[in-house]
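Working notes, beginning with the structure itself.
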Amino acid sequence: MGLLPTDRMDSLFSPRCVWVNGPIIVGAGPSGLAVAACLREQGVPYVILERADCIASLWQKRTYDRLKLHLPKQFCELPRMPFPDHYPEYPTRRQFIDYLEDYAAKFEIKPEFSSTVLSARYDETSGLWRVVTSAPNNGGEMEYIGRWLVVATGENAETVVPDIPGLDGFDGKVTHVSDYKSGEAYAGKRVLVVGCGNSGMEVSLDLSDHGARPAMVVRDAVHVLPREVLGKSTFELAVLLMRSLPLWIVDKIMVLLAWLVLGNLAKLGLRRPAAGPLELKEKYGRTPVLDYGALARIRAGDIAVVPAVTRFGKGGQVELADGRTLNFDAVILATGYHSNVPQWLQGNDFFNKDGYPKTAFPHGWKGQSGLYAVGFTRRGLSGASADAVRIAKDLGNVWREEAKPTKRAGACHRRCISVVF
Ligand SMILES: Cc1cc2nc3c(=O)[nH]c(=O)nc-3n(C[C@H](O)[C@H](O)[C@H](O)COP(=O)(O)OP(=O)(O)OC[C@H]3O[C@@H](n4cnc5c(N)ncnc54)[C@H](O)[C@@H]3O)c2cc1C
C-alpha cells in the first residue's frame, strides 16, 4: 500500500468535526434536559452530548427499583412542565423517568447518545470551545466546536469506592449501590452496607424486606430526620421556616422535631453532628438522611449498626473499628458519587478540584468565555431548574447578539462534516 499525502493522513486521523451554532450541552440528565427545554423556548439551537444510550441514565440505569423521589414532587419539577396531577406526592423512580421521557418529547430534545466527552477546552485564539467525544459505535472521535459550553454532567457522574485495606480481595460479592437493583438476590445472606446516607439506609431496609441480614456501617455522626412531621414534609417545613427565621434557629427546630418524632438515635449508634442539618448542607453539601422506615428495623434488630471497617479479611471476614470481626457474604458500597468535570474540562479555573463551581449558589452557573454550569448547587432538582432558567435566559440574550451562523466556521481547521442548528 502506498503512502498517503500528509494532509490526507492528517484528516484520516483527526476527529470528525461539527460546527455548533449555539451552546454545546454535556449531559442529558435532568439538568441538561432542563437547559435544552428552556433554550428551545428562547429559540436558541444547541447540541446535547450524552455518554449513555438514553436520557437520565442515572435514573434509568444506576438507581434501585424501590427508589422514590426523596422530596415532594413540587420541589422536583423541571421548568415549563409540571408533574401530571395523578402523580403521588413522592413519585416513583419509574414515574420520574416517564416524566423525563415526556419532557424530552415535548421539547423535542434529541441528544447525541453514546457520545462521551473526552475533553473540552477553550481556544483563546478563535474564541471557541473545542469538545472532543468518542463517536458512537467505536467510530473514532468527533470534535464539536462552538461558542458556548454548558456543563451538565452532574454531581453523581462517577462512583466513589472507598480505599479500605483488603476490599479488593474480599471473598464475597462487592457491589456499588449504583449497580444494586433489589434485595431479592440477597435473601438469607449477611450483607454489609458501607455508608449510612439516604441510599445506605434505604438499601438496608430493602435488604431486610427481602429476608437478608444487613449490617450498616455508620462511621461518622449523621442527621436523620423524619420524612414527614404531622403529615407535612420535613423539607417543605424547613423551606417555609427559612423564609422568616435564621438558619441556626431552623436547625434547632429541626433537631428538636427529629428528637420528638424519632427519639434518641444515639442509642441506636446514630450520633448527631454538633452542627445542624441545614448548616451542614449549606457549608459542605452533606444531605440529611430522611427516614423511610429503616429506623424501625434498626430498633427491631433487623438491621445492625456497626462502626467503621478497618480491614476486609479472608473468608468474608470484616474487622471493625471496635475490635470485633464479623463475617459477611456480600458488601454493598453506599459510598456516594463524585463529579467528573476535572477529568475532561481542560485549562479552566471556574471549577474546583472536586468538580464543583468555585462560586457558591446562586452565582455558580456562569463562568468566563461562554462557560456555564447547571446542576452543581447541591440543591437537587430545584437547584438545577433554577440554574437552567438563568442559563437559557442569558444564552438567549448573547446568542441573539453574537451568533451569526457562518461567522466563526472558518476557525475550524479540521474537516467539518456538518453544521448543527
Ligand atoms: C439515588 C438518588 C436519588 C435522588 N433523589 C432526588 C430527589 O428526590 N430530589 C432531588 O431534587 N434530587 C435528587 N437527587 C439528586 C439529583 O437531583 C439527581 O442526581 C439528578 O439526577 C441530577 O441531575 P443532573 O442532570 O445534574 O445529573 P445526572 O442525572 O447525573 O445526569 C448527568 C448526565 O451526564 C452524563 N455524563 C456524565 N459524564 C459525561 C461525559 N463525560 N460525556 C457525556 N455525558 C456525560 C451522564 O451519563 C448523565 O446522563 C437524587 C440523587 C440520587 C443519586
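Residues are named by chain letter and number: chains run A, B, ... in the order of the C-alpha cells, numbers start at 1 in each chain, and ligands are numbered from 1 in the order shown.
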What are the nearest atom pairs, with distances in Å to one decimal, for all residues of chain A that come at most 6 Å from ligand 1, using only C-alpha atoms and all ligand atoms, set out by chain and rising residue number as a Markdown table?
| residue | atom | partner | partner_atom_place_in_ligand_line | distance |
| --- | --- | --- | --- | --- |
| A:Val26 | CA | ligand 1 | 43 (C) | 5.4 |
| A:Gly27 | CA | ligand 1 | 34 (O) | 3.3 |
| A:Ala28 | CA | ligand 1 | 49 (O) | 4.9 |
| A:Gly29 | CA | ligand 1 | 25 (O) | 3.4 |
| A:Pro30 | CA | ligand 1 | 25 (O) | 3.9 |
| A:Ser31 | CA | ligand 1 | 25 (O) | 3.7 |
| A:Gly32 | CA | ligand 1 | 25 (O) | 5.6 |
| A:Leu49 | CA | ligand 1 | 43 (C) | 5.4 |
| A:Glu50 | CA | ligand 1 | 44 (N) | 3.8 |
| A:Arg51 | CA | ligand 1 | 43 (C) | 4.0 |
| A:Ala52 | CA | ligand 1 | 47 (O) | 5.1 |
| A:Ile55 | CA | ligand 1 | 49 (O) | 6.0 |
| A:Ala56 | CA | ligand 1 | 49 (O) | 4.7 |
| A:Ser57 | CA | ligand 1 | 49 (O) | 4.3 |
| A:Leu58 | CA | ligand 1 | 29 (O) | 5.0 |
| A:Thr63 | CA | ligand 1 | 1 (C) | 5.7 |
| A:Leu69 | CA | ligand 1 | 8 (O) | 3.3 |
| A:His70 | CA | ligand 1 | 8 (O) | 3.5 |
| A:Leu71 | CA | ligand 1 | 8 (O) | 4.6 |
| A:Cys76 | CA | ligand 1 | 11 (O) | 5.0 |
| A:Ser115 | CA | ligand 1 | 43 (C) | 5.8 |
| A:Thr116 | CA | ligand 1 | 42 (N) | 3.7 |
| A:Val117 | CA | ligand 1 | 42 (N) | 3.8 |
| A:Leu118 | CA | ligand 1 | 41 (N) | 6.0 |
| A:Ala152 | CA | ligand 1 | 26 (O) | 5.7 |
| A:Thr153 | CA | ligand 1 | 34 (O) | 3.6 |
| A:Gly154 | CA | ligand 1 | 27 (O) | 3.6 |
| A:Asn156 | CA | ligand 1 | 30 (O) | 4.9 |
| A:Ala157 | CA | ligand 1 | 37 (C) | 5.0 |
| A:Gly375 | CA | ligand 1 | 26 (O) | 4.1 |
| A:Gly380 | CA | ligand 1 | 11 (O) | 3.4 |
| A:Leu381 | CA | ligand 1 | 11 (O) | 3.6 |
| A:Ser382 | CA | ligand 1 | 11 (O) | 5.8 |
* Can you list, as a count of residues only, every protein, DNA or RNA residue that comes within 9 Å of Leu257 (chain A) when you count only C-alpha atoms, leaving out same-chain residues fewer than 4 positions away? -> 7
* Find the residues around Val222 (chain A) up to 8 Å (only C-alpha atoms counted), leave out those fewer than 2 positions away in its own chain, and share them as a list in words. =>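 So, after excluding close chain neighbours, the residues are Cys196, Asp220, Val224, Leu270, Arg271, Arg272, Pro273, Pro288 and Val289 of chain A.
Taking CA of Ser126 (chain A) and CA of Ile145 (chain A) as the two end points, the separation is 10.3 Å.
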* Counting only C-alpha atoms, the residue of A:Leu33, A:Leu280, A:Leu39, A:Val44 that sits nearest Tyr103 (chain A) ->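 Closest to Tyr103 (chain A) of all the choices is A:Leu33.
If you look at CA of Ala296 (chain A) and CA of Leu268 (chain A), they are 10.4 Å away from each other.
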* CA of Gly43 (chain A) and CA of Ile109 (chain A) are how many Å apart? -> 13.1 Å
* To do: Enumerate as a ChimeraX atom specification all residues of region 100-285 of chain A assigned to strand (DSSP E or B) by DSSP on the backbone, naming them with the chain letters and numbers the document uses.
  => /A:112,117-123,128-134,141-151,158-159,173-176,190-194,213-217,224-226,228-229,232-233
Those selected residues, please, written with N, CA and C atoms and delivered as a compact mmCIF listing (two decimals), in the first residue's frame.
# COMPACT_ATOMS: atom_id res chain seq x y z
N GLU A 112 -27.29 13.52 21.32
CA GLU A 112 -26.37 12.63 20.60
C GLU A 112 -25.94 11.60 21.63
N VAL A 117 -17.89 12.76 26.36
CA VAL A 117 -16.96 13.88 26.19
C VAL A 117 -15.63 13.51 26.83
N LEU A 118 -14.60 13.50 26.01
CA LEU A 118 -13.26 13.12 26.48
C LEU A 118 -12.48 14.35 26.92
N SER A 119 -12.71 15.45 26.21
CA SER A 119 -12.03 16.70 26.59
C SER A 119 -12.82 17.89 26.06
N ALA A 120 -12.68 18.99 26.75
CA ALA A 120 -13.26 20.26 26.27
C ALA A 120 -12.30 21.35 26.67
N ARG A 121 -11.97 22.20 25.73
CA ARG A 121 -11.06 23.29 26.07
C ARG A 121 -11.44 24.53 25.26
N TYR A 122 -11.15 25.67 25.85
CA TYR A 122 -11.44 26.93 25.19
C TYR A 122 -10.23 27.38 24.41
N ASP A 123 -10.42 27.62 23.14
CA ASP A 123 -9.33 28.06 22.28
C ASP A 123 -9.34 29.60 22.25
N LEU A 128 -13.36 29.95 20.69
CA LEU A 128 -14.33 28.85 20.55
C LEU A 128 -14.02 27.70 21.50
N TRP A 129 -15.08 26.98 21.88
CA TRP A 129 -14.89 25.75 22.66
C TRP A 129 -14.70 24.59 21.71
N ARG A 130 -13.73 23.72 22.04
CA ARG A 130 -13.48 22.53 21.22
C ARG A 130 -13.72 21.32 22.11
N VAL A 131 -14.73 20.57 21.75
CA VAL A 131 -15.20 19.47 22.61
C VAL A 131 -15.02 18.15 21.85
N VAL A 132 -14.16 17.29 22.38
CA VAL A 132 -13.89 16.01 21.70
C VAL A 132 -14.66 14.90 22.38
N THR A 133 -15.38 14.13 21.59
CA THR A 133 -16.15 13.00 22.14
C THR A 133 -15.70 11.71 21.46
N SER A 134 -15.99 10.62 22.15
CA SER A 134 -15.87 9.33 21.47
C SER A 134 -17.10 9.24 20.59
N GLU A 141 -13.24 9.46 16.95
CA GLU A 141 -13.58 10.63 17.77
C GLU A 141 -14.33 11.66 16.92
N MET A 142 -15.10 12.52 17.61
CA MET A 142 -15.77 13.63 16.95
C MET A 142 -15.31 14.90 17.67
N GLU A 143 -15.27 15.98 16.96
CA GLU A 143 -14.99 17.25 17.63
C GLU A 143 -16.15 18.21 17.36
N TYR A 144 -16.72 18.74 18.44
CA TYR A 144 -17.79 19.73 18.34
C TYR A 144 -17.18 21.09 18.66
N ILE A 145 -17.48 22.06 17.82
CA ILE A 145 -16.88 23.38 18.01
C ILE A 145 -17.98 24.41 18.11
N GLY A 146 -17.91 25.23 19.13
CA GLY A 146 -18.97 26.24 19.28
C GLY A 146 -18.56 27.32 20.26
N ARG A 147 -19.40 28.29 20.37
CA ARG A 147 -19.07 29.49 21.14
C ARG A 147 -19.35 29.31 22.63
N TRP A 148 -20.27 28.36 22.99
CA TRP A 148 -20.68 28.22 24.39
C TRP A 148 -20.66 26.76 24.83
N LEU A 149 -20.31 26.55 26.08
CA LEU A 149 -20.29 25.20 26.63
C LEU A 149 -21.12 25.16 27.92
N VAL A 150 -22.06 24.24 27.99
CA VAL A 150 -22.87 24.09 29.21
C VAL A 150 -22.52 22.74 29.85
N VAL A 151 -21.95 22.77 31.04
CA VAL A 151 -21.56 21.55 31.75
C VAL A 151 -22.76 21.05 32.55
N GLU A 158 -19.58 9.84 38.69
CA GLU A 158 -18.74 8.64 38.92
C GLU A 158 -18.95 8.14 40.34
N THR A 159 -18.74 6.84 40.52
CA THR A 159 -18.95 6.27 41.85
C THR A 159 -17.70 6.48 42.73
N LYS A 173 -19.40 -11.09 47.12
CA LYS A 173 -19.70 -10.14 46.06
C LYS A 173 -19.63 -8.70 46.60
N VAL A 174 -18.93 -7.83 45.89
CA VAL A 174 -18.87 -6.41 46.28
C VAL A 174 -19.56 -5.59 45.18
N THR A 175 -20.56 -4.81 45.56
CA THR A 175 -21.35 -4.07 44.57
C THR A 175 -21.45 -2.62 45.02
N HIS A 176 -21.29 -1.70 44.09
CA HIS A 176 -21.61 -0.30 44.44
C HIS A 176 -23.12 -0.13 44.34
N ARG A 190 -25.79 -12.53 54.73
CA ARG A 190 -25.29 -11.47 55.62
C ARG A 190 -24.64 -10.41 54.74
N VAL A 191 -25.23 -9.23 54.76
CA VAL A 191 -24.77 -8.18 53.83
C VAL A 191 -24.28 -6.96 54.61
N LEU A 192 -23.07 -6.53 54.30
CA LEU A 192 -22.54 -5.32 54.93
C LEU A 192 -22.80 -4.14 54.00
N VAL A 193 -23.55 -3.16 54.49
CA VAL A 193 -23.82 -1.95 53.70
C VAL A 193 -22.89 -0.86 54.23
N VAL A 194 -21.96 -0.44 53.39
CA VAL A 194 -20.98 0.57 53.83
C VAL A 194 -21.53 1.95 53.48
N ARG A 213 -29.80 -10.30 55.90
CA ARG A 213 -29.42 -9.83 57.25
C ARG A 213 -28.41 -8.69 57.10
N PRO A 214 -28.92 -7.44 56.94
CA PRO A 214 -27.99 -6.33 56.70
C PRO A 214 -27.36 -5.77 57.98
N ALA A 215 -26.12 -5.32 57.84
CA ALA A 215 -25.47 -4.51 58.88
C ALA A 215 -24.99 -3.24 58.18
N MET A 216 -25.30 -2.10 58.77
CA MET A 216 -24.96 -0.83 58.13
C MET A 216 -23.80 -0.16 58.86
N VAL A 217 -22.80 0.20 58.08
CA VAL A 217 -21.63 0.86 58.67
C VAL A 217 -21.93 2.34 58.87
N VAL A 224 -30.40 12.22 61.04
CA VAL A 224 -31.55 11.52 60.47
C VAL A 224 -32.79 12.32 60.86
N LEU A 225 -33.61 12.67 59.87
CA LEU A 225 -34.82 13.44 60.12
C LEU A 225 -36.03 12.61 59.67
N PRO A 226 -37.19 12.82 60.30
CA PRO A 226 -38.38 12.13 59.79
C PRO A 226 -38.71 12.68 58.41
N GLU A 228 -41.65 13.09 57.26
CA GLU A 228 -42.79 13.99 57.45
C GLU A 228 -43.01 14.26 58.93
N VAL A 229 -43.50 15.44 59.24
CA VAL A 229 -43.90 15.78 60.61
C VAL A 229 -45.36 16.21 60.54
N LYS A 232 -46.79 16.70 57.18
CA LYS A 232 -46.16 17.68 56.28
C LYS A 232 -44.70 17.28 56.04
N SER A 233 -44.25 17.43 54.81
CA SER A 233 -42.87 17.06 54.50
C SER A 233 -41.89 17.91 55.32
Using only C-alpha atoms, find each residue in region 207-286 of chain A having at least one atom no more than 12 Å away from region 334-356 of chain A; report its shortest atom-to-atom pair and that distance in Å (one decimal), rows by chain then rising number, as CSV.
residue,atom,partner,partner_atom,distance
A:Met216,CA,A:Ala334,CA,9.6
A:Val217,CA,A:Ala334,CA,9.6
A:Val218,CA,A:Ala334,CA,11.1
A:Arg219,CA,A:Thr335,CA,11.2
A:Tyr284,CA,A:Tyr356,CA,11.8
A:Gly285,CA,A:Tyr356,CA,11.0
A:Arg286,CA,A:Gly336,CA,11.1
